[in-house]
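Dumped upload11.txt below, it's compact mmCIF, C-alpha atoms:
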```
# COMPACT_ATOMS: atom_id res chain seq x y z
CA MET A 1 -7.81 26.87 6.17
CA SER A 2 -8.38 30.41 7.34
CA ALA A 3 -7.29 31.17 10.91
CA ALA A 4 -10.51 33.14 11.29
CA VAL A 5 -12.62 29.99 11.02
CA THR A 6 -13.95 28.86 14.41
CA PRO A 7 -14.64 25.19 15.19
CA LEU A 8 -17.99 23.52 14.66
CA VAL A 9 -19.94 21.50 17.23
CA GLY A 10 -20.92 18.07 15.99
CA PHE A 11 -19.81 14.72 14.73
CA ILE A 12 -18.50 13.94 11.28
CA SER A 13 -19.15 10.23 11.18
CA SER A 14 -20.58 9.20 7.82
CA ARG A 15 -18.47 8.14 4.87
CA ALA A 16 -20.38 10.45 2.55
CA THR A 17 -19.78 13.48 4.79
CA ARG A 18 -16.09 12.74 5.21
CA SER A 19 -15.71 12.15 1.49
CA ALA A 20 -17.42 15.43 0.68
CA ILE A 21 -15.18 17.31 3.12
CA ALA A 22 -12.03 15.59 1.89
CA SER A 23 -12.69 16.70 -1.67
CA SER A 24 -13.78 20.24 -0.81
CA SER A 25 -12.06 23.40 -1.89
CA PRO A 26 -10.62 25.71 0.80
CA ASP A 27 -13.62 28.05 0.46
CA ARG A 28 -16.03 25.16 0.85
CA LEU A 29 -14.12 23.93 3.89
CA SER A 30 -14.34 27.35 5.45
CA SER A 31 -18.11 27.33 5.08
CA LEU A 32 -18.33 23.83 6.54
CA LEU A 33 -16.17 24.73 9.52
CA SER A 34 -17.91 27.93 10.48
CA SER A 35 -19.29 27.24 13.93
CA SER A 36 -17.84 26.09 17.27
CA ARG A 37 -15.94 22.86 18.18
CA VAL A 38 -15.49 19.71 16.13
CA CYS A 39 -15.27 16.16 17.34
CA TRP A 40 -14.00 13.97 14.53
CA ARG A 41 -15.16 10.36 14.56
CA PRO A 42 -12.62 8.56 12.36
CA ARG A 43 -13.14 5.15 10.85
CA SER A 44 -11.44 3.92 13.93
CA ARG A 45 -9.52 0.78 14.76
CA THR A 46 -12.19 -0.17 17.29
CA SER A 47 -15.89 0.45 16.89
CA SER A 48 -16.14 2.36 20.16
CA ARG A 49 -13.12 4.62 19.72
CA LEU A 50 -13.80 8.37 19.40
CA LEU A 51 -11.03 10.79 18.71
CA SER A 52 -11.44 14.49 19.46
CA VAL A 53 -9.07 16.76 17.62
CA SER A 54 -8.53 20.47 17.40
CA SER A 55 -9.53 22.45 14.35
CA THR A 56 -5.83 22.74 13.48
CA SER A 57 -5.13 19.02 13.37
CA MET A 58 -8.46 18.37 11.72
CA GLY A 59 -7.56 20.89 9.07
CA GLU A 60 -4.35 19.00 8.43
CA GLU A 61 -6.32 15.79 7.93
CA ILE A 62 -9.09 17.06 5.69
CA ALA A 63 -7.54 19.98 3.85
CA ASP A 64 -3.96 18.99 3.07
CA SER A 65 -3.43 21.30 0.14
CA ALA A 66 -0.63 19.14 -1.26
CA MET A 67 -2.79 16.03 -1.49
CA ASP A 68 -4.33 15.03 -4.81
CA ALA A 69 -8.15 14.71 -4.69
CA VAL A 70 -8.12 11.02 -5.66
CA GLN A 71 -5.45 10.17 -3.10
CA LYS A 72 -7.31 12.21 -0.47
CA ARG A 73 -10.47 10.20 -1.05
CA LEU A 74 -8.60 6.92 -0.74
CA MET A 75 -6.83 8.11 2.39
CA PHE A 76 -10.13 8.70 4.17
CA GLU A 77 -12.38 6.03 2.69
CA ASP A 78 -10.00 3.05 2.81
CA GLU A 79 -9.61 1.26 6.13
CA CYS A 80 -6.45 -0.76 6.62
CA ILE A 81 -6.29 -3.90 8.75
CA LEU A 82 -4.29 -3.36 11.94
CA VAL A 83 -2.26 -6.34 13.14
CA ASP A 84 0.24 -7.14 15.85
CA GLU A 85 3.75 -8.38 15.09
CA ASN A 86 2.42 -11.95 14.89
CA ASP A 87 -0.05 -10.88 12.17
CA LYS A 88 -3.08 -11.21 14.43
CA VAL A 89 -5.85 -8.74 13.54
CA VAL A 90 -6.29 -6.19 16.33
CA GLY A 91 -8.55 -3.62 14.65
CA HIS A 92 -8.68 -1.16 11.77
CA ASP A 93 -7.98 2.47 10.99
CA SER A 94 -8.01 4.87 8.06
CA LYS A 95 -5.28 4.70 5.47
CA TYR A 96 -4.53 8.29 6.47
CA ASN A 97 -3.78 7.45 10.10
CA CYS A 98 -1.88 4.29 9.20
CA HIS A 99 0.60 6.29 7.13
CA LEU A 100 1.19 9.27 9.42
CA MET A 101 4.61 8.79 11.02
CA GLU A 102 3.39 10.66 14.12
CA LYS A 103 0.61 8.06 14.55
CA ILE A 104 2.86 5.15 13.68
CA GLU A 105 5.41 6.16 16.31
CA ALA A 106 2.94 7.22 19.01
CA GLU A 107 0.58 4.24 18.72
CA ASN A 108 2.85 1.67 17.03
CA LEU A 109 0.28 1.30 14.25
CA LEU A 110 1.14 -1.73 12.11
CA HIS A 111 -1.03 -2.62 9.14
CA ARG A 112 -1.27 -5.57 6.77
CA ALA A 113 -0.04 -5.07 3.19
CA PHE A 114 0.85 -7.06 0.10
CA SER A 115 3.42 -6.80 -2.68
CA VAL A 116 2.74 -8.53 -6.01
CA PHE A 117 5.59 -9.69 -8.26
CA LEU A 118 4.15 -10.50 -11.68
CA PHE A 119 6.33 -12.26 -14.26
CA ASN A 120 5.50 -12.84 -17.91
CA SER A 121 6.13 -16.11 -19.77
CA LYS A 122 9.68 -14.91 -20.55
CA TYR A 123 10.24 -14.67 -16.77
CA GLU A 124 10.59 -10.90 -16.88
CA LEU A 125 9.35 -8.97 -13.86
CA LEU A 126 6.81 -6.15 -14.32
CA LEU A 127 7.80 -3.00 -12.43
CA GLN A 128 5.84 0.20 -11.92
CA GLN A 129 6.82 3.75 -11.13
CA ARG A 130 4.41 5.22 -8.61
CA SER A 131 2.56 8.35 -9.74
CA ALA A 132 3.69 11.82 -8.74
CA THR A 133 0.45 12.30 -6.79
CA LYS A 134 0.98 9.34 -4.44
CA VAL A 135 1.09 10.52 -0.83
CA THR A 136 3.86 8.11 0.14
CA PHE A 137 6.94 7.49 -2.00
CA PRO A 138 5.86 9.34 -5.18
CA LEU A 139 7.75 8.55 -8.40
CA VAL A 140 9.77 5.69 -6.92
CA TRP A 141 10.14 2.44 -8.86
CA THR A 142 8.80 -0.67 -7.21
CA ASN A 143 7.43 -4.14 -7.82
CA THR A 144 4.31 -4.77 -9.90
CA CYS A 145 1.71 -3.70 -7.34
CA CYS A 146 1.92 -2.74 -3.66
CA SER A 147 -1.13 -1.99 -1.53
CA HIS A 148 -3.29 -3.13 1.39
CA PRO A 149 -6.07 -5.60 1.99
CA LEU A 150 -8.93 -3.54 3.39
CA TYR A 151 -11.07 -4.09 6.46
CA ARG A 152 -13.88 -5.82 4.58
CA GLU A 153 -15.18 -9.37 4.68
CA SER A 154 -13.68 -10.53 1.38
CA GLU A 155 -10.20 -9.29 2.31
CA LEU A 156 -10.16 -10.53 5.91
CA ILE A 157 -10.40 -14.21 4.93
CA GLU A 158 -7.47 -15.97 6.60
CA ASP A 159 -7.91 -19.40 4.98
CA ASN A 160 -5.04 -19.95 2.53
CA TYR A 161 -4.44 -16.16 2.59
CA LEU A 162 -7.51 -15.68 0.40
CA GLY A 163 -8.27 -12.19 1.73
CA VAL A 164 -4.83 -10.92 0.73
CA ARG A 165 -5.07 -12.62 -2.67
CA ASN A 166 -8.51 -11.05 -3.25
CA ALA A 167 -7.03 -7.64 -2.45
CA ALA A 168 -4.14 -8.22 -4.85
CA GLN A 169 -6.53 -9.06 -7.67
CA ARG A 170 -8.57 -5.92 -6.93
CA LYS A 171 -5.55 -3.60 -6.93
CA LEU A 172 -4.00 -5.03 -10.09
CA LEU A 173 -7.18 -3.90 -11.82
CA ASP A 174 -7.28 -0.53 -10.03
CA GLU A 175 -3.66 0.37 -10.67
CA LEU A 176 -2.69 -1.43 -13.86
CA GLY A 177 -5.98 -2.26 -15.57
CA ILE A 178 -5.23 -5.99 -15.38
CA LYS A 179 -8.53 -7.86 -15.56
CA ALA A 180 -9.46 -10.24 -12.76
CA GLU A 181 -9.83 -13.17 -15.13
CA ASP A 182 -6.20 -12.68 -16.21
CA VAL A 183 -4.93 -13.00 -12.63
CA PRO A 184 -7.07 -15.69 -10.92
CA VAL A 185 -6.69 -15.62 -7.15
CA ASP A 186 -5.62 -19.26 -7.05
CA GLU A 187 -2.66 -18.42 -9.32
CA PHE A 188 -0.98 -16.22 -6.69
CA THR A 189 1.73 -18.00 -4.70
CA PRO A 190 2.35 -16.47 -1.26
CA LEU A 191 6.09 -16.87 -0.65
CA GLY A 192 6.68 -15.06 2.63
CA ARG A 193 5.98 -12.14 4.95
CA ILE A 194 8.19 -9.22 5.94
CA LEU A 195 7.76 -6.61 8.67
CA TYR A 196 9.43 -3.25 8.13
CA LYS A 197 9.14 0.46 8.92
CA ALA A 198 10.14 3.19 6.48
CA PRO A 199 9.61 6.97 6.61
CA SER A 200 8.73 8.68 3.32
CA ASP A 201 9.12 12.44 3.75
CA GLY A 202 9.03 13.14 7.48
CA LYS A 203 5.25 13.35 7.70
CA TRP A 204 4.32 10.11 5.92
CA GLY A 205 5.69 6.60 6.01
CA GLU A 206 5.02 2.88 6.16
CA HIS A 207 4.87 0.34 8.97
CA GLU A 208 3.71 -2.84 7.32
CA LEU A 209 3.42 -6.56 7.65
CA ASP A 210 3.78 -7.29 3.96
CA TYR A 211 2.70 -10.48 2.14
CA LEU A 212 4.89 -11.27 -0.87
CA LEU A 213 2.81 -12.74 -3.71
CA PHE A 214 4.26 -14.14 -6.93
CA ILE A 215 2.34 -14.87 -10.12
CA ILE A 216 3.40 -15.84 -13.65
CA ARG A 217 0.93 -14.62 -16.29
CA ASP A 218 0.95 -12.83 -19.61
CA VAL A 219 -1.38 -9.87 -19.13
CA LYS A 220 -2.54 -6.70 -20.86
CA VAL A 221 -1.48 -3.63 -18.87
CA GLU A 222 -3.39 -0.32 -18.97
CA PRO A 223 -1.93 1.82 -16.15
CA ASN A 224 -4.17 4.16 -14.17
CA PRO A 225 -2.39 7.55 -14.22
CA ASP A 226 -3.74 8.39 -10.76
CA GLU A 227 -1.67 5.49 -9.44
CA VAL A 228 1.11 4.73 -11.92
CA ALA A 229 3.51 7.00 -13.81
CA ASP A 230 5.28 4.31 -15.86
CA VAL A 231 5.76 0.55 -16.21
CA LYS A 232 8.47 -1.71 -17.60
CA TYR A 233 9.42 -5.38 -17.73
CA VAL A 234 12.96 -6.24 -16.63
CA ASN A 235 15.10 -9.34 -16.64
CA ARG A 236 17.62 -10.07 -13.88
CA GLU A 237 20.47 -8.10 -15.43
CA GLN A 238 18.27 -5.10 -16.13
CA LEU A 239 17.07 -5.10 -12.54
CA LYS A 240 20.65 -5.27 -11.27
CA GLU A 241 21.48 -2.25 -13.44
CA LEU A 242 18.42 -0.43 -12.05
CA LEU A 243 19.63 -1.20 -8.53
CA ARG A 244 23.14 0.05 -9.39
CA LYS A 245 21.79 3.34 -10.73
CA ALA A 246 19.60 3.83 -7.66
CA ASN A 247 22.56 3.16 -5.35
CA ALA A 248 24.72 5.59 -7.32
CA GLY A 249 22.03 8.28 -7.39
CA GLU A 250 22.00 8.31 -11.19
CA GLU A 251 19.06 9.71 -13.18
CA ASP A 252 17.36 10.62 -9.89
CA LEU A 253 16.21 7.01 -9.80
CA LYS A 254 14.75 5.73 -6.53
CA LEU A 255 13.40 2.35 -5.42
CA SER A 256 10.71 1.83 -2.79
CA PRO A 257 12.12 0.62 0.55
CA TRP A 258 10.01 -2.55 0.60
CA PHE A 259 11.06 -3.48 -2.93
CA ARG A 260 14.70 -2.91 -2.06
CA LEU A 261 14.37 -5.16 1.00
CA VAL A 262 12.85 -7.96 -1.10
CA VAL A 263 15.50 -7.56 -3.82
CA GLU A 264 18.37 -7.63 -1.33
CA ASN A 265 17.06 -10.55 0.73
CA PHE A 266 14.99 -12.86 -1.48
CA LEU A 267 14.24 -11.92 -5.05
CA PHE A 268 17.08 -13.38 -7.07
CA LYS A 269 16.99 -16.79 -5.39
CA TRP A 270 13.20 -16.85 -5.80
CA TRP A 271 13.65 -15.90 -9.47
CA ASP A 272 15.39 -19.28 -9.92
CA HIS A 273 12.21 -20.99 -8.70
CA VAL A 274 10.11 -18.87 -11.07
CA GLU A 275 12.11 -20.16 -14.01
CA LYS A 276 12.15 -23.76 -12.75
CA GLY A 277 8.44 -23.85 -11.91
CA THR A 278 9.20 -24.69 -8.28
CA LEU A 279 7.88 -21.59 -6.48
CA LYS A 280 5.93 -23.55 -3.89
CA GLU A 281 9.17 -25.15 -2.73
CA ALA A 282 10.49 -21.70 -1.83
CA ALA A 283 7.44 -20.66 0.20
CA ASP A 284 7.84 -19.98 3.93
CA MET A 285 4.67 -18.49 5.37
CA LYS A 286 5.46 -19.41 8.96
CA THR A 287 8.31 -16.95 9.39
CA ILE A 288 7.75 -13.19 9.64
CA HIS A 289 11.05 -11.62 8.59
CA LYS A 290 11.76 -8.38 10.45
CA LEU A 291 13.85 -6.30 8.09
CA SER A 292 15.28 -2.80 8.13
```

Write out the structure in this file as structure tokens.
Amino acid sequence: MSAAVTPLVGFISSRATRSAIASSSPDRLSSLLSSSRVCWRPRSRTSSRLLSVSSTSMGEEIADSAMDAVQKRLMFEDECILVDENDKVVGHDSKYNCHLMEKIEAENLLHRAFSVFLFNSKYELLLQQRSATKVTFPLVWTNTCCSHPLYRESELIEDNYLGVRNAAQRKLLDELGIKAEDVPVDEFTPLGRILYKAPSDGKWGEHELDYLLFIIRDVKVEPNPDEVADVKYVNREQLKELLRKANAGEEDLKLSPWFRLVVENFLFKWWDHVEKGTLKEAADMKTIHKLS
């Protein structure tokens, strides 16, 4: 954004306005921000919260030149569910704010997330490589699908973790083209919850209370290139070799921090239950494992 642009007086409060600004070119942004002082009303974690920011910090939020247009839209339109360390909902905030390390550290923002582990009928695990345009952890390999339930009625349902399972079904379609009827919500088995914090690149990071969902289905996969760079099925030995290469720094191969935590703490013993058909026996949804 040009240093010559002076702030604008007003409120930017509607989704449509924010979306338009987030997808604007630098020249368009300059024309939008051509008046006096701006007060930015984010999709805040409480309905009454109003955050005033300078034109500099606002420019960082709405005109990050390194951010892909699709990811920028998701960052501003998606509202994550804020929780405390006991997984009690305490509010909501934009995906953007929830992944800024400065915000995470200053306000201890913790949001609800999920990680899907999808196995085929040969008990191979589907992995994805995150796209190069992802804001956090681009091009790392991770489990089948990792995302967030959003602050909306269908994904806030606590009963039998239905809100999280609804979100998982939605994102499997968004990211991998897996149709909802191929992954019924009642087929997901919630096995546990982990709480972790992980910086990505200094500016961005994660602080999540992550639900671990397992499902065994044969599905047709059509990856969305805005979200996914590559996919592969692996058996246990192939995953161990992937982990070895990542640890050795071979082939510039990297694993997401949450996937690594699950692999190192739970995955291989849970894989036994996948093969035996006894997943529900492994479930522990009372404990929130704090991992680092």

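The space separating atom CA of A:Val221 from atom CA of A:Glu181 comes to 13.2 Å.
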
remark   = Using only C-alpha atoms, the shortest atom-to-atom distance to A:Val83 among A:Cys98, A:Leu109, A:Leu291, A:Val228 belongs to A:Leu109

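Using all atoms listed in the file for every distance, the candidate list A:Ser200, A:Asn160, A:Thr287, A:Asn265 yields A:Ser200 as the residue closest to A:Val135.
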
task = Would you kindly return, as an MDAnalysis selection string, each protein, DNA or RNA residue with an atom no farther than 9 Å from any atom of A:Ile216, considering only C-alpha atoms and excluding same-chain residues fewer than 2 positions away?
result = chainID A and resid 117:121 123 183 187:188 214 218 274

key: Contact residues around stretch 145-148 of chain A with only C-alpha atoms at 6 Å, ignoring same-chain residues under 6 positions, as a list of chain:residue names   =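 Selected residues are A:Ala113, A:Phe114, A:Ser115, A:Val116.
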
inquiry  = To one decimal place in Å, what is the distance between atom CA of A:Leu209 and atom CA of A:Glu155?
reply    =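 Here the two named atoms are 14.9 Å from each other.
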
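Using only C-alpha atoms, the nearest neighbour of A:Gly177 within the list A:Val219, A:Arg73, A:Arg193, A:Trp271 is A:Val219.
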